[in-house]
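Shown below: entry-v2.tsv, with TSV, C-alpha atoms.
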chain	number	residue	atom	x	y	z
H	14	MET	CA	-88.68	177.15	44.15
H	15	PRO	CA	-90.26	177.31	47.54
H	16	VAL	CA	-91.86	180.59	48.58
H	17	PRO	CA	-88.97	182.90	49.43
H	18	ASP	CA	-88.37	184.18	52.93
H	19	LEU	CA	-90.45	187.37	53.21
H	20	ASP	CA	-87.63	189.55	54.57
H	21	ALA	CA	-85.15	188.36	51.90
H	22	TRP	CA	-87.74	188.83	49.15
H	23	GLN	CA	-88.60	192.33	50.35
H	24	ALA	CA	-84.90	193.23	50.51
H	25	ARG	CA	-84.48	192.07	46.89
H	26	PHE	CA	-86.93	194.76	45.72
H	27	ASP	CA	-85.79	197.51	48.10
H	28	THR	CA	-83.75	199.48	45.59
H	29	ALA	CA	-83.17	203.19	45.00
H	30	PRO	CA	-85.14	203.19	41.69
H	31	ALA	CA	-88.08	201.35	43.32
H	32	ARG	CA	-88.07	203.79	46.24
H	33	ARG	CA	-88.05	206.72	43.77
H	34	LEU	CA	-91.13	205.20	42.08
H	35	GLY	CA	-92.74	204.69	45.50
H	36	VAL	CA	-92.95	200.91	44.95
H	37	ALA	CA	-92.49	198.62	47.96
H	38	PRO	CA	-92.89	194.82	48.22
H	39	GLU	CA	-95.75	193.72	50.43
H	40	ALA	CA	-96.47	189.97	50.34
H	41	VAL	CA	-95.46	186.79	48.52
H	42	GLU	CA	-96.99	183.31	48.58
H	43	SER	CA	-96.97	180.38	46.18
H	44	GLY	CA	-98.44	181.83	42.98
H	45	PHE	CA	-99.19	185.26	44.49
H	46	ALA	CA	-97.35	188.53	45.12
H	47	SER	CA	-98.31	192.10	45.95
H	48	PHE	CA	-96.61	195.48	46.00
H	49	MET	CA	-97.64	198.91	47.25
H	50	VAL	CA	-97.28	202.12	45.25
H	51	GLN	CA	-97.19	204.99	47.72
H	52	VAL	CA	-99.03	207.89	46.07
H	53	PRO	CA	-99.48	210.79	46.16
H	54	TYR	CA	-95.78	211.53	46.29
H	55	GLY	CA	-96.19	215.01	47.75
H	56	ASP	CA	-93.74	216.62	45.33
H	57	GLY	CA	-93.25	217.35	41.63
H	58	ARG	CA	-93.72	213.68	40.71
H	59	ASP	CA	-97.47	214.14	41.28
H	60	ASP	CA	-97.58	216.59	38.35
H	61	ASP	CA	-96.08	214.09	35.90
H	62	PRO	CA	-98.82	211.72	34.64
H	63	LEU	CA	-96.22	209.28	33.32
H	64	PHE	CA	-94.54	208.88	36.71
H	65	PHE	CA	-97.42	207.00	38.33
H	66	ALA	CA	-97.98	205.00	35.12
H	67	THR	CA	-94.34	203.89	35.24
H	68	ALA	CA	-94.64	202.91	38.91
H	69	LEU	CA	-97.88	201.01	38.25
H	70	HIS	CA	-96.45	199.05	35.31
H	71	TYR	CA	-93.23	198.29	37.18
H	72	ALA	CA	-95.18	197.02	40.20
H	73	ALA	CA	-97.44	194.87	37.98
H	74	ASP	CA	-94.44	193.40	36.17
H	75	ILE	CA	-92.53	192.43	39.31
H	76	ALA	CA	-95.69	191.18	41.02
H	77	ALA	CA	-96.26	188.76	38.11
H	78	LEU	CA	-92.60	187.71	38.10
H	79	SER	CA	-92.62	187.17	41.87
H	80	ALA	CA	-95.85	185.13	41.76
H	81	VAL	CA	-94.37	182.81	39.13
H	82	ILE	CA	-90.99	182.44	40.81
H	83	ALA	CA	-92.69	181.62	44.12
H	84	ARG	CA	-94.44	178.72	42.36
H	85	CYS	CA	-91.62	177.30	40.18
H	86	ASP	CA	-89.64	174.37	41.46
H	87	GLN	CA	-85.93	175.02	41.88
H	88	GLU	CA	-84.93	173.33	38.61
H	89	GLN	CA	-87.48	175.27	36.53
H	90	PRO	CA	-85.85	178.45	35.26
H	91	ASN	CA	-88.21	181.36	34.72
H	92	GLY	CA	-89.04	182.63	31.24
H	93	THR	CA	-90.63	185.66	29.66
H	94	ALA	CA	-93.89	187.51	30.27
H	95	SER	CA	-96.34	189.42	28.12
H	96	LEU	CA	-98.06	192.09	30.22
H	97	HIS	CA	-101.52	193.41	29.28
H	98	LEU	CA	-102.65	196.08	31.75
H	99	ASN	CA	-105.67	198.35	31.44
H	100	VAL	CA	-105.51	201.50	33.57
H	101	LEU	CA	-109.06	202.40	34.55
H	102	ALA	CA	-108.84	205.34	36.95
H	103	ASP	CA	-106.56	207.75	38.76
H	104	PRO	CA	-105.71	206.52	42.24
H	105	GLN	CA	-107.10	207.99	45.42
H	106	GLY	CA	-104.24	207.27	47.81
H	107	ALA	CA	-101.80	204.38	47.96
H	108	VAL	CA	-102.28	201.58	45.42
H	109	ARG	CA	-101.94	197.86	46.12
H	110	VAL	CA	-100.87	195.92	43.01
H	111	TRP	CA	-101.21	192.14	43.10
H	112	SER	CA	-100.79	189.21	40.75
H	113	ARG	CA	-102.07	185.64	41.09
H	114	VAL	CA	-101.44	182.53	39.00
H	115	VAL	CA	-104.80	181.39	37.62
H	116	HIS	CA	-103.51	178.66	35.28
H	117	TRP	CA	-100.30	176.64	35.46
H	118	GLY	CA	-99.15	174.50	32.56
H	119	MET	CA	-95.96	172.58	31.86
H	120	TYR	CA	-94.32	175.50	30.05
H	121	SER	CA	-96.70	178.39	30.61
H	122	ALA	CA	-98.64	180.23	33.25
H	123	LEU	CA	-101.48	182.74	33.10
H	124	LEU	CA	-101.72	185.38	35.81
H	125	GLU	CA	-104.38	187.92	36.68
H	126	LEU	CA	-103.35	191.37	37.85
H	127	ALA	CA	-105.21	194.09	39.71
H	128	ALA	CA	-104.44	197.43	41.29
H	129	GLU	CA	-106.75	198.91	43.92
H	130	ASP	CA	-106.42	202.28	45.64
H	131	ALA	CA	-106.87	203.19	49.29
H	132	THR	CA	-110.66	203.49	48.83
H	133	GLY	CA	-110.86	199.98	47.34
H	134	ALA	CA	-111.57	201.30	43.84
H	135	LEU	CA	-110.11	199.39	40.91
H	136	VAL	CA	-107.29	201.42	39.31
H	137	ALA	CA	-106.04	198.81	36.83
H	138	ARG	CA	-106.78	195.27	35.70
H	139	GLY	CA	-104.85	192.94	33.48
H	140	LEU	CA	-103.50	189.57	32.48
H	141	THR	CA	-100.05	188.32	31.77
H	142	GLY	CA	-98.97	185.19	30.00
H	143	TYR	CA	-95.72	183.79	31.25
H	144	SER	CA	-93.71	181.25	29.24
H	145	LEU	CA	-91.56	178.98	31.33
H	146	ARG	CA	-88.27	177.58	30.11
H	147	PRO	CA	-88.00	173.81	30.29
H	148	ALA	CA	-85.98	172.44	33.16
H	149	ALA	CA	-82.54	171.13	32.10
H	150	ALA	CA	-83.68	167.53	32.67
H	151	ASP	CA	-86.62	168.04	30.25
H	152	VAL	CA	-84.34	169.37	27.51
H	153	ALA	CA	-81.87	166.47	27.85
H	154	SER	CA	-84.52	163.79	27.43
Could you quickly redo this structure as structure tokens?
Amino acid sequence: MPVPDLDAWQARFDTAPARRLGVAPEAVESGFASFMVQVPYGDGRDDDPLFFATALHYAADIAALSAVIARCDQEQPNGTASLHLNVLADPQGAVRVWSRVVHWGMYSALLELAAEDATGALVARGLTGYSLRPAAADVAS
């Protein structure tokens, strides 16, 4: 699949649940995607430690998915991911979450993930393995 049109890709992730989590799509390129988590929220969500954790994991998951999809050719259906994310610190301001493909195989990809706050401090770091389903032509042969 070619890299999606930025406006169409951003619209895909502009949903009520994502807005409630404070997660907004930022950028997508072949093998790369990033999202912003707008914190602090300025309301009761700031007092719930699980709320930011949910937003962070959601952003990491869809960043990895977006990075893979922006690299797959159109006949290659996407597969399943295994997310490993280590949260290292509480954020100081908005958090940018990004994922980049670091290895691409016939049926698998490995992606690195990072989350950095407004000061540039590392908030989270991780890896995700992504298994790709074979294209229909590969299965038939």
Quiz item: What lies within 7 Å of region 115-127 of chain H using only C-alpha atoms, ignoring chain neighbours under 2 positions off, as an MDAnalysis selection string?
Solution: chainID H and resid 73 77 110:113 129 137:147
Practice problem: Write out as a ChimeraX atom specification which residues come within 8 Å of Gln23 (chain H) when counting only C-alpha atoms, dropping same-chain ones fewer than 5 positions away. | Solution: /H:37-39
Practice problem: Find the spatial neighbours of region 53-70 of chain H, counting all atoms listed in the file, within a cut-off of 8 Å - ignore same-chain residues fewer than 5 positions away - and output them as a PyMOL selection string. | Solution: chain H and resi 34-36+98+106-107+110
Selection from above, C-alpha atoms, as a PDB file, keeping the file's coordinate frame, can you write it?
ATOM      1  CA  LEU H  34     -91.130 205.200  42.080  1.00  0.00           C
ATOM      2  CA  GLY H  35     -92.740 204.690  45.500  1.00  0.00           C
ATOM      3  CA  VAL H  36     -92.950 200.910  44.950  1.00  0.00           C
ATOM      4  CA  LEU H  98    -102.650 196.080  31.750  1.00  0.00           C
ATOM      5  CA  GLY H 106    -104.240 207.270  47.810  1.00  0.00           C
ATOM      6  CA  ALA H 107    -101.800 204.380  47.960  1.00  0.00           C
ATOM      7  CA  VAL H 110    -100.870 195.920  43.010  1.00  0.00           C
TER       8      VAL H 110
END
Practice problem: Find the residues around Gly44 (chain H) up to 6 Å (all atoms listed in the file counted), leave out those fewer than 3 positions away in its own chain, and share them as a list in words. | Solution: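 Here the qualifying residues turn out to be Ala80, Val81, Ala83, Arg84, Arg113 and Val114 of chain H.
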Quiz item: What is the distance between CA of Ile82 (chain H) and CA of Asn99 (chain H), in Å to one decimal?
Solution: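 Computing it gives 23.6 Å between the two atoms.
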Exercise. List the neighbours of Asp20 (chain H) out to 12 Å using only C-alpha atoms; skip same-chain residues closer than 5 positions along the sequence, and give me the result as JSON, numbers by chain.
Key: {"H": [25, 26, 27, 38, 39, 40, 41]}
Exercise. May I ask which of the residues H:Val50, H:Ala94, H:Val100, H:Ala72 is the closest one to Ala131 (chain H), counting only C-alpha atoms?
Key: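 The closest residue to Ala131 (chain H) is H:Val50.
Closest approach to Gln105 (chain H) among H:Pro17, H:Gly92, H:Pro30, H:Gly133 is made by H:Gly133 (distances from all atoms listed in the file).
Taking only C-alpha atoms into account, Leu78 (chain H) lies nearest to H:Ser43 out of the set H:Thr28, H:Ser43, H:Thr132, H:Gln51.
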Quiz item: By how many Å are CA of Cys85 (chain H) and CA of Val16 (chain H) apart?
Solution: 9.0 Å
Practice problem: For CA of Ala46 (chain H) and CA of Ala128 (chain H), quote the distance in Å rounded to one decimal. | Solution: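 One can read the CA of Ala46 (chain H) to CA of Ala128 (chain H) distance as 12.0 Å.
Each of H:Val108, H:Val52, H:Leu135, H:Ile75 was checked against Thr93 (chain H) using all atoms listed in the file; the smallest atom-to-atom distance is that of H:Ile75.
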Quiz item: Of the candidates H:Leu101, H:Ala134, H:Ser95, H:Met49, which one gets nearest to Ala31 (chain H) if we count only C-alpha atoms?
Solution: H:Met49
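With only C-alpha atoms as the basis for measurement, H:Phe48 is the residue among H:Ala76, H:Phe48, H:Arg109, H:Leu96 that approaches Arg32 (chain H) most closely.
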Provide an axis-aligned box for all listed atoms of region 93-102 of chain H, padding each side by 6 Å; report its centre and its edge lengths in Å to one decimal, as AutoDock Vina command-line options.
--center_x -99.8 --center_y 195.5 --center_z 32.5 --size_x 30.4 --size_y 31.7 --size_z 20.8
Got a minute to add N, CA and C atoms to region 35-50 of chain H and dump it as an mmCIF file, in the coordinates of the input?
data_model
loop_
_atom_site.group_PDB
_atom_site.id
_atom_site.type_symbol
_atom_site.label_atom_id
_atom_site.label_comp_id
_atom_site.auth_asym_id
_atom_site.auth_seq_id
_atom_site.Cartn_x
_atom_site.Cartn_y
_atom_site.Cartn_z
ATOM 1 N N GLY H 35 -91.788 204.884 44.414
ATOM 2 C CA GLY H 35 -92.740 204.690 45.500
ATOM 3 C C GLY H 35 -93.250 203.265 45.594
ATOM 4 N N VAL H 36 -92.522 202.314 44.991
ATOM 5 C CA VAL H 36 -92.950 200.910 44.950
ATOM 6 C C VAL H 36 -92.247 200.123 46.058
ATOM 7 N N ALA H 37 -93.043 199.427 46.861
ATOM 8 C CA ALA H 37 -92.490 198.620 47.960
ATOM 9 C C ALA H 37 -93.134 197.240 47.959
ATOM 10 N N PRO H 38 -92.329 196.180 48.155
ATOM 11 C CA PRO H 38 -92.890 194.820 48.220
ATOM 12 C C PRO H 38 -93.735 194.651 49.467
ATOM 13 N N GLU H 39 -94.839 193.913 49.312
ATOM 14 C CA GLU H 39 -95.750 193.720 50.430
ATOM 15 C C GLU H 39 -95.812 192.256 50.867
ATOM 16 N N ALA H 40 -96.252 191.368 49.953
ATOM 17 C CA ALA H 40 -96.470 189.970 50.340
ATOM 18 C C ALA H 40 -96.137 189.039 49.177
ATOM 19 N N VAL H 41 -95.715 187.819 49.523
ATOM 20 C CA VAL H 41 -95.460 186.790 48.520
ATOM 21 C C VAL H 41 -95.878 185.442 49.095
ATOM 22 N N GLU H 42 -96.572 184.664 48.260
ATOM 23 C CA GLU H 42 -96.990 183.310 48.580
ATOM 24 C C GLU H 42 -96.823 182.484 47.313
ATOM 25 N N SER H 43 -97.052 181.211 47.381
ATOM 26 C CA SER H 43 -96.970 180.380 46.180
ATOM 27 C C SER H 43 -98.018 180.859 45.171
ATOM 28 N N GLY H 44 -97.543 181.370 44.027
ATOM 29 C CA GLY H 44 -98.440 181.830 42.980
ATOM 30 C C GLY H 44 -99.087 183.169 43.222
ATOM 31 N N PHE H 45 -98.597 183.954 44.164
ATOM 32 C CA PHE H 45 -99.190 185.260 44.490
ATOM 33 C C PHE H 45 -98.109 186.218 44.976
ATOM 34 N N ALA H 46 -98.227 187.480 44.585
ATOM 35 C CA ALA H 46 -97.350 188.530 45.120
ATOM 36 C C ALA H 46 -98.069 189.865 45.052
ATOM 37 N N SER H 47 -97.728 190.761 45.979
ATOM 38 C CA SER H 47 -98.310 192.100 45.950
ATOM 39 C C SER H 47 -97.266 193.140 46.329
ATOM 40 N N PHE H 48 -97.470 194.323 45.766
ATOM 41 C CA PHE H 48 -96.610 195.480 46.000
ATOM 42 C C PHE H 48 -97.486 196.688 46.272
ATOM 43 N N MET H 49 -96.945 197.654 47.003
ATOM 44 C CA MET H 49 -97.640 198.910 47.250
ATOM 45 C C MET H 49 -96.959 200.021 46.462
ATOM 46 N N VAL H 50 -97.782 200.905 45.888
ATOM 47 C CA VAL H 50 -97.280 202.120 45.250
ATOM 48 C C VAL H 50 -97.778 203.269 46.112
#
